[in-house]
Amino acid sequence: FFGLQIELWKIGISPPAPRFNIIVSPNNWSRIARESAQPRELSDTKGLQLEFWTGFRLYIQENSRVLQARKAQPQHWYEMPIGRSGFHISCTVNTREERIACEVYIGHPQSKSAFDLLMSQKESIEGEFGGQLDWQKLPSRHACRIILYQDADVTDRDTWPELYRWLLQKSEAIYRTFSDRI
């Protein structure tokens, strides 16, 4: 439990604002809070993901005039903006299924209707993109995706330049195909 003292402060003609002072706190609370703020050691998979996306970020910076590189994180996806909130390009790595993917991820509040509007243009979109895409409305989830998969063993670092090339090529094609529509 915490014991709080509430004060009401007013500066000049400003409206009153509350200030909370901790009077009593659990003995080890501050130690636990400090420890939880410390970075944890990454698992082998998370370390591999961070290394892969760090390399991909550099590859984007050196080879793309279209995409905005974002900071790499130890996660299985890497996102880039496509021009509107709730929509983005997402690249993913899946070490279990040994594949990578590139997609338009639609997490917008109106994701299902946005997906339907894009789906109504499927033929022209795939023609402009230059190939078939996997259209996933994901009925049991809020989000939708339009995705393309490629077999890949991300644990083989020798293949990373080829994987970066594929991800960049598909990401740029998605950007060119979808950015004006989104």
# chains A, B, ... in the order shown; residues from 1 in each chain; ligands from 1
>>> select_by_dssp(residues="segment 53-135 of chain A", states="strand (DSSP E or B)", output="PyMOL selection string")
chain A and resi 77-81+87-94+99-106+134-135
>>> write_last_selection(atoms="N, CA and C atoms", output="PDB file, in the first residue's frame")
ATOM      1  N   TRP A  77       8.983  -8.209 -36.155  1.00  0.00           N
ATOM      2  CA  TRP A  77       8.513  -7.331 -37.217  1.00  0.00           C
ATOM      3  C   TRP A  77       9.297  -6.021 -37.229  1.00  0.00           C
ATOM      4  N   TYR A  78       9.241  -5.378 -38.393  1.00  0.00           N
ATOM      5  CA  TYR A  78       9.873  -4.074 -38.596  1.00  0.00           C
ATOM      6  C   TYR A  78       8.888  -3.240 -39.403  1.00  0.00           C
ATOM      7  N   GLU A  79       8.453  -2.119 -38.830  1.00  0.00           N
ATOM      8  CA  GLU A  79       7.419  -1.300 -39.463  1.00  0.00           C
ATOM      9  C   GLU A  79       7.992  -0.050 -40.107  1.00  0.00           C
ATOM     10  N   MET A  80       7.326   0.367 -41.202  1.00  0.00           N
ATOM     11  CA  MET A  80       7.653   1.614 -41.887  1.00  0.00           C
ATOM     12  C   MET A  80       6.354   2.324 -42.249  1.00  0.00           C
ATOM     13  N   PRO A  81       6.342   3.643 -42.179  1.00  0.00           N
ATOM     14  CA  PRO A  81       5.108   4.374 -42.497  1.00  0.00           C
ATOM     15  C   PRO A  81       4.767   4.291 -43.978  1.00  0.00           C
ATOM     16  N   PHE A  87      -2.161   2.530 -40.817  1.00  0.00           N
ATOM     17  CA  PHE A  87      -1.696   1.725 -41.947  1.00  0.00           C
ATOM     18  C   PHE A  87      -0.168   1.783 -41.936  1.00  0.00           C
ATOM     19  N   HIS A  88       0.489   0.682 -42.204  1.00  0.00           N
ATOM     20  CA  HIS A  88       1.937   0.716 -42.363  1.00  0.00           C
ATOM     21  C   HIS A  88       2.425  -0.513 -43.137  1.00  0.00           C
ATOM     22  N   ILE A  89       3.649  -0.399 -43.592  1.00  0.00           N
ATOM     23  CA  ILE A  89       4.333  -1.529 -44.207  1.00  0.00           C
ATOM     24  C   ILE A  89       5.015  -2.269 -43.076  1.00  0.00           C
ATOM     25  N   SER A  90       4.848  -3.562 -43.036  1.00  0.00           N
ATOM     26  CA  SER A  90       5.481  -4.366 -42.001  1.00  0.00           C
ATOM     27  C   SER A  90       6.240  -5.514 -42.656  1.00  0.00           C
ATOM     28  N   CYS A  91       7.495  -5.651 -42.280  1.00  0.00           N
ATOM     29  CA  CYS A  91       8.300  -6.795 -42.700  1.00  0.00           C
ATOM     30  C   CYS A  91       8.420  -7.703 -41.481  1.00  0.00           C
ATOM     31  N   THR A  92       8.357  -9.004 -41.701  1.00  0.00           N
ATOM     32  CA  THR A  92       8.424  -9.942 -40.592  1.00  0.00           C
ATOM     33  C   THR A  92       9.422 -11.056 -40.878  1.00  0.00           C
ATOM     34  N   VAL A  93       9.960 -11.612 -39.788  1.00  0.00           N
ATOM     35  CA  VAL A  93      10.791 -12.812 -39.868  1.00  0.00           C
ATOM     36  C   VAL A  93      10.164 -13.865 -38.979  1.00  0.00           C
ATOM     37  N   ASN A  94      10.131 -15.092 -39.473  1.00  0.00           N
ATOM     38  CA  ASN A  94       9.579 -16.196 -38.700  1.00  0.00           C
ATOM     39  C   ASN A  94      10.605 -17.324 -38.729  1.00  0.00           C
ATOM     40  N   ARG A  99      10.551 -18.351 -42.815  1.00  0.00           N
ATOM     41  CA  ARG A  99      10.090 -17.486 -43.890  1.00  0.00           C
ATOM     42  C   ARG A  99      10.130 -16.035 -43.431  1.00  0.00           C
ATOM     43  N   ILE A 100      10.145 -15.173 -44.425  1.00  0.00           N
ATOM     44  CA  ILE A 100      10.024 -13.745 -44.200  1.00  0.00           C
ATOM     45  C   ILE A 100       8.765 -13.285 -44.928  1.00  0.00           C
ATOM     46  N   ALA A 101       8.319 -12.084 -44.614  1.00  0.00           N
ATOM     47  CA  ALA A 101       7.118 -11.566 -45.267  1.00  0.00           C
ATOM     48  C   ALA A 101       7.188 -10.056 -45.331  1.00  0.00           C
ATOM     49  N   CYS A 102       6.415  -9.527 -46.252  1.00  0.00           N
ATOM     50  CA  CYS A 102       6.256  -8.086 -46.397  1.00  0.00           C
ATOM     51  C   CYS A 102       4.767  -7.842 -46.607  1.00  0.00           C
ATOM     52  N   GLU A 103       4.218  -6.840 -45.918  1.00  0.00           N
ATOM     53  CA  GLU A 103       2.772  -6.664 -45.946  1.00  0.00           C
ATOM     54  C   GLU A 103       2.349  -5.221 -45.767  1.00  0.00           C
ATOM     55  N   VAL A 104       1.112  -4.969 -46.161  1.00  0.00           N
ATOM     56  CA  VAL A 104       0.395  -3.771 -45.738  1.00  0.00           C
ATOM     57  C   VAL A 104      -0.400  -4.213 -44.526  1.00  0.00           C
ATOM     58  N   TYR A 105      -0.134  -3.594 -43.389  1.00  0.00           N
ATOM     59  CA  TYR A 105      -0.848  -3.934 -42.164  1.00  0.00           C
ATOM     60  C   TYR A 105      -1.860  -2.835 -41.910  1.00  0.00           C
ATOM     61  N   ILE A 106      -3.118  -3.214 -41.744  1.00  0.00           N
ATOM     62  CA  ILE A 106      -4.204  -2.250 -41.554  1.00  0.00           C
ATOM     63  C   ILE A 106      -4.739  -2.417 -40.139  1.00  0.00           C
ATOM     64  N   ASP A 134      -1.521 -12.155 -50.836  1.00  0.00           N
ATOM     65  CA  ASP A 134      -2.410 -12.921 -49.963  1.00  0.00           C
ATOM     66  C   ASP A 134      -3.257 -11.923 -49.173  1.00  0.00           C
ATOM     67  N   TRP A 135      -4.552 -11.870 -49.477  1.00  0.00           N
ATOM     68  CA  TRP A 135      -5.476 -10.907 -48.869  1.00  0.00           C
ATOM     69  C   TRP A 135      -6.108 -11.548 -47.641  1.00  0.00           C
TER      70      TRP A 135
END
>>> residues_around(residues="Phe178 of chain A", least_positions_apart="5", cutoff="12 Å", atoms="only C-alpha atoms", output="number ranges by chain")
A: 81-84, 87-89, 103-106, 114-115, 117-119, 121-122, 124-126, 128-129, 146, 170-173
>>> residues_around(residues="Thr54 of chain A", least_positions_apart="4", cutoff="8 Å", atoms="only C-alpha atoms", output="PDB file with N, CA, C and O atoms, in the first residue's frame")
ATOM      1  N   LEU A  50      17.131  -8.455 -33.481  1.00  0.00           N
ATOM      2  CA  LEU A  50      17.697  -7.109 -33.387  1.00  0.00           C
ATOM      3  C   LEU A  50      18.850  -6.940 -34.373  1.00  0.00           C
ATOM      4  O   LEU A  50      18.934  -5.926 -35.072  1.00  0.00           O
ATOM      5  N   LEU A  58      20.077  -0.308 -41.963  1.00  0.00           N
ATOM      6  CA  LEU A  58      21.219   0.263 -42.686  1.00  0.00           C
ATOM      7  C   LEU A  58      21.070   0.055 -44.186  1.00  0.00           C
ATOM      8  O   LEU A  58      21.390   0.956 -44.982  1.00  0.00           O
ATOM      9  N   LYS A  71      14.008   2.831 -36.173  1.00  0.00           N
ATOM     10  CA  LYS A  71      14.916   2.171 -35.252  1.00  0.00           C
ATOM     11  C   LYS A  71      14.589   0.680 -35.187  1.00  0.00           C
ATOM     12  O   LYS A  71      13.427   0.292 -35.129  1.00  0.00           O
ATOM     13  N   ALA A  72      15.613  -0.147 -35.188  1.00  0.00           N
ATOM     14  CA  ALA A  72      15.443  -1.590 -35.086  1.00  0.00           C
ATOM     15  C   ALA A  72      15.124  -1.977 -33.647  1.00  0.00           C
ATOM     16  O   ALA A  72      15.668  -1.388 -32.704  1.00  0.00           O
ATOM     17  N   GLN A  73      14.243  -2.957 -33.488  1.00  0.00           N
ATOM     18  CA  GLN A  73      13.853  -3.455 -32.175  1.00  0.00           C
ATOM     19  C   GLN A  73      14.013  -4.977 -32.156  1.00  0.00           C
ATOM     20  O   GLN A  73      13.943  -5.625 -33.193  1.00  0.00           O
TER      21      GLN A  73
END
>>> atom_distance(atom1="atom CA of Gly55 of chain A", atom2="atom CA of Pro161 of chain A")
8.9 Å
>>> closest_residue(among="A:Thr95, A:Val154, A:Arg165, A:Leu133", to="Phe52 of chain A", atoms="only C-alpha atoms")
A:Val154
>>> residues_around(residues="Arg96 of chain A", least_positions_apart="5", cutoff="12 Å", atoms="only C-alpha atoms", output="mmCIF file with C-alpha atoms, in the first residue's frame")
data_model
loop_
_atom_site.group_PDB
_atom_site.id
_atom_site.type_symbol
_atom_site.label_atom_id
_atom_site.label_comp_id
_atom_site.auth_asym_id
_atom_site.auth_seq_id
_atom_site.Cartn_x
_atom_site.Cartn_y
_atom_site.Cartn_z
ATOM 1 C CA THR A 45 16.027 -15.253 -30.927
ATOM 2 C CA HIS A 76 9.791 -10.346 -35.243
ATOM 3 C CA ASP A 151 10.928 -18.959 -47.721
ATOM 4 C CA ALA A 152 14.024 -17.933 -45.768
ATOM 5 C CA ASP A 153 16.323 -19.213 -43.049
ATOM 6 C CA VAL A 154 17.091 -16.067 -41.071
ATOM 7 C CA THR A 155 19.555 -17.963 -38.872
#
>>> select_by_dssp(residues="segment 29-137 of chain A", states="alpha helix (DSSP H)", output="MDAnalysis selection string")
chainID A and resid 29:37 44:63 111:119 122:129
>>> residues_around(residues="segment 13-24 of chain A", least_positions_apart="5", cutoff="9 Å", atoms="only C-alpha atoms", output="PyMOL selection string")
chain A and resi 1-8
>>> write_last_selection(atoms="C-alpha atoms", output="short mmCIF file (atom, residue, chain, number, x, y, z; two decimals), in the first residue's frame")
data_model
loop_
_atom_site.label_atom_id
_atom_site.label_comp_id
_atom_site.auth_asym_id
_atom_site.auth_seq_id
_atom_site.Cartn_x
_atom_site.Cartn_y
_atom_site.Cartn_z
CA PHE A 1 0.00 0.00 0.00
CA PHE A 2 0.97 3.60 -0.54
CA GLY A 3 0.01 6.53 1.66
CA LEU A 4 -0.56 9.68 -0.40
CA GLN A 5 -0.98 13.29 0.63
CA ILE A 6 -2.93 15.40 -1.82
CA GLU A 7 -2.19 19.11 -2.06
CA LEU A 8 -3.96 21.68 -4.19
#
>>> closest_residue(among="A:Gln49, A:Ser43, A:Gln150, A:Ser85", to="Leu167 of chain A", atoms="only C-alpha atoms")
A:Gln150
>>> residues_around(residues="His142 of chain A", least_positions_apart="4", cutoff="10 Å", atoms="only C-alpha atoms", output="MDAnalysis selection string")
chainID A and resid 106:112 137:138
>>> closest_residue(among="A:Phe56, A:Asp156, A:Gln132, A:Arg65", to="Arg176 of chain A", atoms="only C-alpha atoms")
A:Arg65
>>> atom_distance(atom1="atom CA of Ile182 of chain A", atom2="atom CA of Gly127 of chain A")
17.0 Å
>>> residues_around(residues="Leu168 of chain A", least_positions_apart="4", cutoff="8 Å", atoms="only C-alpha atoms", output="ChimeraX atom specification")
/A:60,64,164,172
